[in-house]
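So this one's coords-v7.txt, compact mmCIF, C-alpha atoms (C1' of nucleotides):
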# COMPACT_ATOMS: atom_id res chain seq x y z
CA MET A 1 -23.43 0.70 15.47
CA GLY A 2 -20.17 1.88 16.78
CA ASP A 3 -18.24 -0.18 14.29
CA ILE A 4 -15.55 1.69 12.54
CA SER A 5 -14.76 0.66 9.01
CA LEU A 6 -11.39 -0.79 8.27
CA ARG A 7 -10.86 2.19 6.07
CA ASP A 8 -11.35 4.68 8.89
CA ARG A 9 -9.09 2.66 11.15
CA CYS A 10 -6.52 2.83 8.40
CA TYR A 11 -6.74 6.61 8.26
CA LYS A 12 -6.50 6.87 12.04
CA LEU A 13 -3.32 4.86 12.12
CA ILE A 14 -1.70 6.97 9.45
CA ALA A 15 -2.67 10.18 11.19
CA ARG A 16 -0.27 9.19 13.98
CA ILE A 17 2.84 9.13 11.81
CA PRO A 18 4.98 12.14 12.72
CA ARG A 19 6.80 14.37 10.32
CA GLY A 20 10.06 12.87 9.14
CA ARG A 21 9.01 9.30 9.87
CA ILE A 22 7.56 6.75 7.46
CA THR A 23 5.92 3.37 7.45
CA THR A 24 4.94 0.80 4.84
CA TYR A 25 1.71 -0.44 3.29
CA LYS A 26 2.53 -3.81 4.80
CA GLU A 27 2.94 -2.41 8.28
CA VAL A 28 -0.42 -0.66 8.04
CA ALA A 29 -2.12 -3.81 6.76
CA GLU A 30 -0.66 -5.87 9.56
CA ALA A 31 -1.68 -3.32 12.15
CA LEU A 32 -5.19 -3.62 10.75
CA GLY A 33 -4.95 -7.39 10.98
CA ILE A 34 -5.11 -8.19 7.28
CA LYS A 35 -2.75 -9.54 4.64
CA GLY A 36 -4.42 -7.83 1.71
CA TYR A 37 -1.73 -5.19 1.41
CA ARG A 38 -3.19 -3.78 -1.75
CA LEU A 39 -6.26 -2.78 0.12
CA VAL A 40 -4.25 -0.20 2.04
CA GLY A 41 -3.18 1.39 -1.21
CA MET A 42 -6.77 1.43 -2.32
CA PHE A 43 -7.80 3.27 0.83
CA LEU A 44 -5.03 5.80 0.49
CA SER A 45 -5.82 6.44 -3.15
CA ARG A 46 -9.13 7.73 -1.85
CA ASN A 47 -7.67 9.71 1.04
CA PRO A 48 -10.31 12.37 1.75
CA ARG A 49 -8.01 14.61 3.84
CA PRO A 50 -4.40 14.57 2.62
CA VAL A 51 -3.44 17.19 5.20
CA GLU A 52 -4.69 15.45 8.32
CA ILE A 53 -3.93 12.04 6.90
CA PRO A 54 -0.29 12.21 5.77
CA CYS A 55 -0.41 9.31 3.37
CA HIS A 56 2.83 10.46 1.73
CA ARG A 57 4.53 8.85 4.73
CA VAL A 58 3.47 5.39 3.62
CA VAL A 59 5.86 3.69 1.20
CA LYS A 60 6.61 0.26 -0.21
CA SER A 61 8.53 -2.33 1.76
CA ASN A 62 11.33 -2.44 -0.78
CA GLY A 63 12.05 1.28 -0.47
CA ASP A 64 10.17 2.44 -3.54
CA VAL A 65 7.98 5.39 -2.72
CA GLY A 66 4.72 3.98 -4.07
CA GLY A 67 2.00 6.19 -5.45
CA TYR A 68 0.41 9.46 -4.48
CA ILE A 69 -2.75 11.36 -5.31
CA PHE A 70 -0.81 14.44 -6.38
CA GLY A 71 1.82 12.46 -8.24
CA VAL A 72 4.92 10.56 -7.25
CA GLU A 73 7.13 13.59 -7.80
CA LYS A 74 5.15 15.51 -5.23
CA LYS A 75 5.45 12.64 -2.79
CA ILE A 76 9.21 12.57 -3.21
CA GLU A 77 9.39 16.30 -2.72
CA LEU A 78 7.39 16.06 0.50
CA LEU A 79 9.51 13.24 1.85
CA ARG A 80 12.70 15.13 1.06
CA SER A 81 11.29 18.21 2.74
CA GLU A 82 10.88 16.13 5.87
CA GLY A 83 14.46 14.99 5.82
CA ILE A 84 14.11 11.59 4.19
CA VAL A 85 17.19 10.89 2.12
CA MET A 86 16.52 9.27 -1.23
CA LYS A 87 18.74 7.91 -3.93
CA ASN A 88 17.15 7.56 -7.36
CA ARG A 89 13.54 7.58 -6.19
CA LYS A 90 14.34 4.99 -3.55
CA ILE A 91 14.78 5.17 0.18
CA GLU A 92 18.08 3.64 1.18
CA ASN A 93 17.39 2.65 4.75
CA LEU A 94 13.75 2.50 5.67
CA GLN A 95 14.76 1.30 9.07
CA ARG A 96 16.22 4.64 9.94
CA TYR A 97 12.86 6.42 9.68
CA PHE A 98 10.49 3.56 10.28
CA PHE A 99 7.48 4.25 12.46
CA ARG A 100 5.86 1.19 13.99
CA LEU A 101 2.13 0.92 14.15
CA LYS A 102 1.85 -2.42 15.86
C1' DA B 1 -25.94 -10.93 -4.97
C1' DT B 2 -21.55 -11.33 -7.83
C1' DA B 3 -17.48 -9.14 -10.16
C1' DT B 4 -13.83 -6.04 -10.29
C1' DT B 5 -10.52 -3.07 -8.20
C1' DG B 6 -6.12 -1.33 -5.94
C1' DA B 7 -0.67 4.02 -4.27
C1' DC B 8 1.26 -4.02 -2.36
C1' DA B 9 4.25 -8.30 -1.23
C1' DT B 10 6.21 -12.69 -2.11
C1' DT B 11 7.45 -16.36 -4.88
C1' DT B 12 8.92 -18.27 -9.06
C1' DA B 13 11.22 -18.17 -13.81
C1' DA C 1 19.25 -8.11 -12.28
C1' DT C 2 13.95 -8.00 -14.29
C1' DA C 3 9.30 -9.87 -15.14
C1' DA C 4 5.32 -12.60 -14.46
C1' DA C 5 2.20 -15.08 -11.59
C1' DT C 6 -0.15 -15.55 -7.35
C1' DG C 7 -2.21 -14.27 -2.82
C1' DC C 8 -4.77 -10.96 -0.40
C1' DC C 9 -9.66 -8.75 0.94
C1' DA C 10 -12.83 -4.64 1.96
C1' DA C 11 -14.65 -1.43 -0.90
C1' DT C 12 -16.79 -0.21 -5.04
C1' DA C 13 -19.61 -0.84 -9.05

Would you write the structure of this file as structure tokens?
Amino acid sequence: MGDISLRDRCYKLIARIPRGRITTYKEVAEALGIKGYRLVGMFLSRNPRPVEIPCHRVVKSNGDVGGYIFGVEKKIELLRSEGIVMKNRKIENLQRYFFRLK
DNA sequence: ATATTGACATTTA
DNA sequence: ATAAATGCCAATA
């Protein structure tokens, strides 16, 4: 009773990321208190509400965009529309847009 | 109950 | 530089 699944906590965290800012799978995992980074990707691949839960704002630590339910191209388009500058499918300086969760 | 999965990250070759 | 191996762990089957 009252316990929220890790998955729902994950979605809650991501719902806080504002437009134009991004974070990483690693950051989300660490905020959840786990090191199984892949689990975050698993949760997001089953994102039930892509509008309220802006999972396109979660990218890889190395600047690659990572995956997306509606395709990587769509994810790139969304990020660009929010002002994220990308060079060859990669984000140059994550730091510039990084949103901390922990 | 056990086995596999995943939109990752780090280390090693 | 690229590629493979390894660690991670709740959720899913």

Name the residues within 12 Å of (-3.1, -13.9, -6.8), counting only C-alpha atoms (C1' of nucleotides) in the file's coordinates, and put them as a PyMOL selection string. (chain A and resi 36+38) or (chain B and resi 8-11) or (chain C and resi 4-9)

So, counting only C-alpha atoms (C1' of nucleotides), which residue among A:Arg19, A:Lys60, A:Lys75, A:Arg7 is closest to chain B? A:Lys60

Spatial neighbours of range 85-100 of chain A, 12 Å, only C-alpha atoms (C1' of nucleotides), chain gap at least 4 places, as a PDB file with C-alpha atoms, keeping the file's coordinate frame:
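Once everything was written out, this is result-v1.pdb:
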ATOM      1  CA  LEU A  13      -3.320   4.860  12.120  1.00  0.00           C
ATOM      2  CA  ILE A  14      -1.700   6.970   9.450  1.00  0.00           C
ATOM      3  CA  ALA A  15      -2.670  10.180  11.190  1.00  0.00           C
ATOM      4  CA  ARG A  16      -0.270   9.190  13.980  1.00  0.00           C
ATOM      5  CA  ILE A  17       2.840   9.130  11.810  1.00  0.00           C
ATOM      6  CA  PRO A  18       4.980  12.140  12.720  1.00  0.00           C
ATOM      7  CA  ARG A  19       6.800  14.370  10.320  1.00  0.00           C
ATOM      8  CA  GLY A  20      10.060  12.870   9.140  1.00  0.00           C
ATOM      9  CA  ARG A  21       9.010   9.300   9.870  1.00  0.00           C
ATOM     10  CA  ILE A  22       7.560   6.750   7.460  1.00  0.00           C
ATOM     11  CA  THR A  23       5.920   3.370   7.450  1.00  0.00           C
ATOM     12  CA  THR A  24       4.940   0.800   4.840  1.00  0.00           C
ATOM     13  CA  TYR A  25       1.710  -0.440   3.290  1.00  0.00           C
ATOM     14  CA  LYS A  26       2.530  -3.810   4.800  1.00  0.00           C
ATOM     15  CA  GLU A  27       2.940  -2.410   8.280  1.00  0.00           C
ATOM     16  CA  VAL A  28      -0.420  -0.660   8.040  1.00  0.00           C
ATOM     17  CA  ALA A  29      -2.120  -3.810   6.760  1.00  0.00           C
ATOM     18  CA  GLU A  30      -0.660  -5.870   9.560  1.00  0.00           C
ATOM     19  CA  ALA A  31      -1.680  -3.320  12.150  1.00  0.00           C
ATOM     20  CA  ARG A  57       4.530   8.850   4.730  1.00  0.00           C
ATOM     21  CA  VAL A  58       3.470   5.390   3.620  1.00  0.00           C
ATOM     22  CA  VAL A  59       5.860   3.690   1.200  1.00  0.00           C
ATOM     23  CA  LYS A  60       6.610   0.260  -0.210  1.00  0.00           C
ATOM     24  CA  SER A  61       8.530  -2.330   1.760  1.00  0.00           C
ATOM     25  CA  ASN A  62      11.330  -2.440  -0.780  1.00  0.00           C
ATOM     26  CA  GLY A  63      12.050   1.280  -0.470  1.00  0.00           C
ATOM     27  CA  ASP A  64      10.170   2.440  -3.540  1.00  0.00           C
ATOM     28  CA  VAL A  65       7.980   5.390  -2.720  1.00  0.00           C
ATOM     29  CA  GLY A  66       4.720   3.980  -4.070  1.00  0.00           C
ATOM     30  CA  GLY A  67       2.000   6.190  -5.450  1.00  0.00           C
ATOM     31  CA  VAL A  72       4.920  10.560  -7.250  1.00  0.00           C
ATOM     32  CA  GLU A  73       7.130  13.590  -7.800  1.00  0.00           C
ATOM     33  CA  LYS A  74       5.150  15.510  -5.230  1.00  0.00           C
ATOM     34  CA  LYS A  75       5.450  12.640  -2.790  1.00  0.00           C
ATOM     35  CA  ILE A  76       9.210  12.570  -3.210  1.00  0.00           C
ATOM     36  CA  GLU A  77       9.390  16.300  -2.720  1.00  0.00           C
ATOM     37  CA  LEU A  78       7.390  16.060   0.500  1.00  0.00           C
ATOM     38  CA  LEU A  79       9.510  13.240   1.850  1.00  0.00           C
ATOM     39  CA  ARG A  80      12.700  15.130   1.060  1.00  0.00           C
ATOM     40  CA  SER A  81      11.290  18.210   2.740  1.00  0.00           C
TER      41      SER A  81
END

At what distance in Å, to one decimal, does CA of Arg49 in chain A lie from CA of Ile34 in chain A? 23.2 Å

Find the residue from A:Gly71, A:Gly83, A:Gly33, A:Pro50 that sits nearest to chain B; use all atoms listed in the file when measuring.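 Selected residue with least distance to chain B: A:Gly71.
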
Contacts of Asn47 in chain A within 10 Å, only C-alpha atoms (C1' of nucleotides), excl. fewer than 5 positions in-chain, as a PyMOL selection string: chain A and resi 7+11+41-42+52-55+68-69

Filtering to C-alpha atoms, could you give me those residues as a PDB file, in the coordinates of the input?
ATOM      1  CA  ARG A   7     -10.860   2.190   6.070  1.00  0.00           C
ATOM      2  CA  TYR A  11      -6.740   6.610   8.260  1.00  0.00           C
ATOM      3  CA  GLY A  41      -3.180   1.390  -1.210  1.00  0.00           C
ATOM      4  CA  MET A  42      -6.770   1.430  -2.320  1.00  0.00           C
ATOM      5  CA  GLU A  52      -4.690  15.450   8.320  1.00  0.00           C
ATOM      6  CA  ILE A  53      -3.930  12.040   6.900  1.00  0.00           C
ATOM      7  CA  PRO A  54      -0.290  12.210   5.770  1.00  0.00           C
ATOM      8  CA  CYS A  55      -0.410   9.310   3.370  1.00  0.00           C
ATOM      9  CA  TYR A  68       0.410   9.460  -4.480  1.00  0.00           C
ATOM     10  CA  ILE A  69      -2.750  11.360  -5.310  1.00  0.00           C
TER      11      ILE A  69
END

With a cut-off of 7 Å and counting all atoms listed in the file, select all residues of chain A in contact with chain C and give the selection as an MDAnalysis selection string. chainID A and resid 35:37 39

Could you write out the selected residues, including C-alpha atoms, as a compact mmCIF listing (two decimals), keeping the file's coordinate frame?
# COMPACT_ATOMS: atom_id res chain seq x y z
CA LYS A 35 -2.75 -9.54 4.64
CA GLY A 36 -4.42 -7.83 1.71
CA TYR A 37 -1.73 -5.19 1.41
CA LEU A 39 -6.26 -2.78 0.12

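Computed from the coordinates, the CA of Val40 in chain A to CA of His56 in chain A distance equals 12.8 Å.
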
Interatomic distance (Å, one decimal) between C1' of DA3 in chain B and CA of Lys12 in chain A: 29.5 Å

Report as lines of an AutoDock Vina configuration file the centre and the edge lengths, in Å to one decimal, of the axis-aligned box holding every listed atom of range 81-96 of chain A, padded by 3 Å on each side.
center_x = 14.8
center_y = 9.8
center_z = 1.3
size_x = 13.9
size_y = 22.9
size_z = 23.3

Which residue out of A:Leu44, A:Ile84, A:Asp3, A:Leu101 has the minimum interatomic distance to chain B when only C-alpha atoms (C1' of nucleotides) are used?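 Among A:Leu44, A:Ile84, A:Asp3, A:Leu101, it is A:Leu44 that comes nearest to chain B.
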
Between A:Phe70, A:Asp8, A:Lys102, A:Glu82, which one has atoms that come closest to chain B, using all atoms listed in the file? A:Phe70
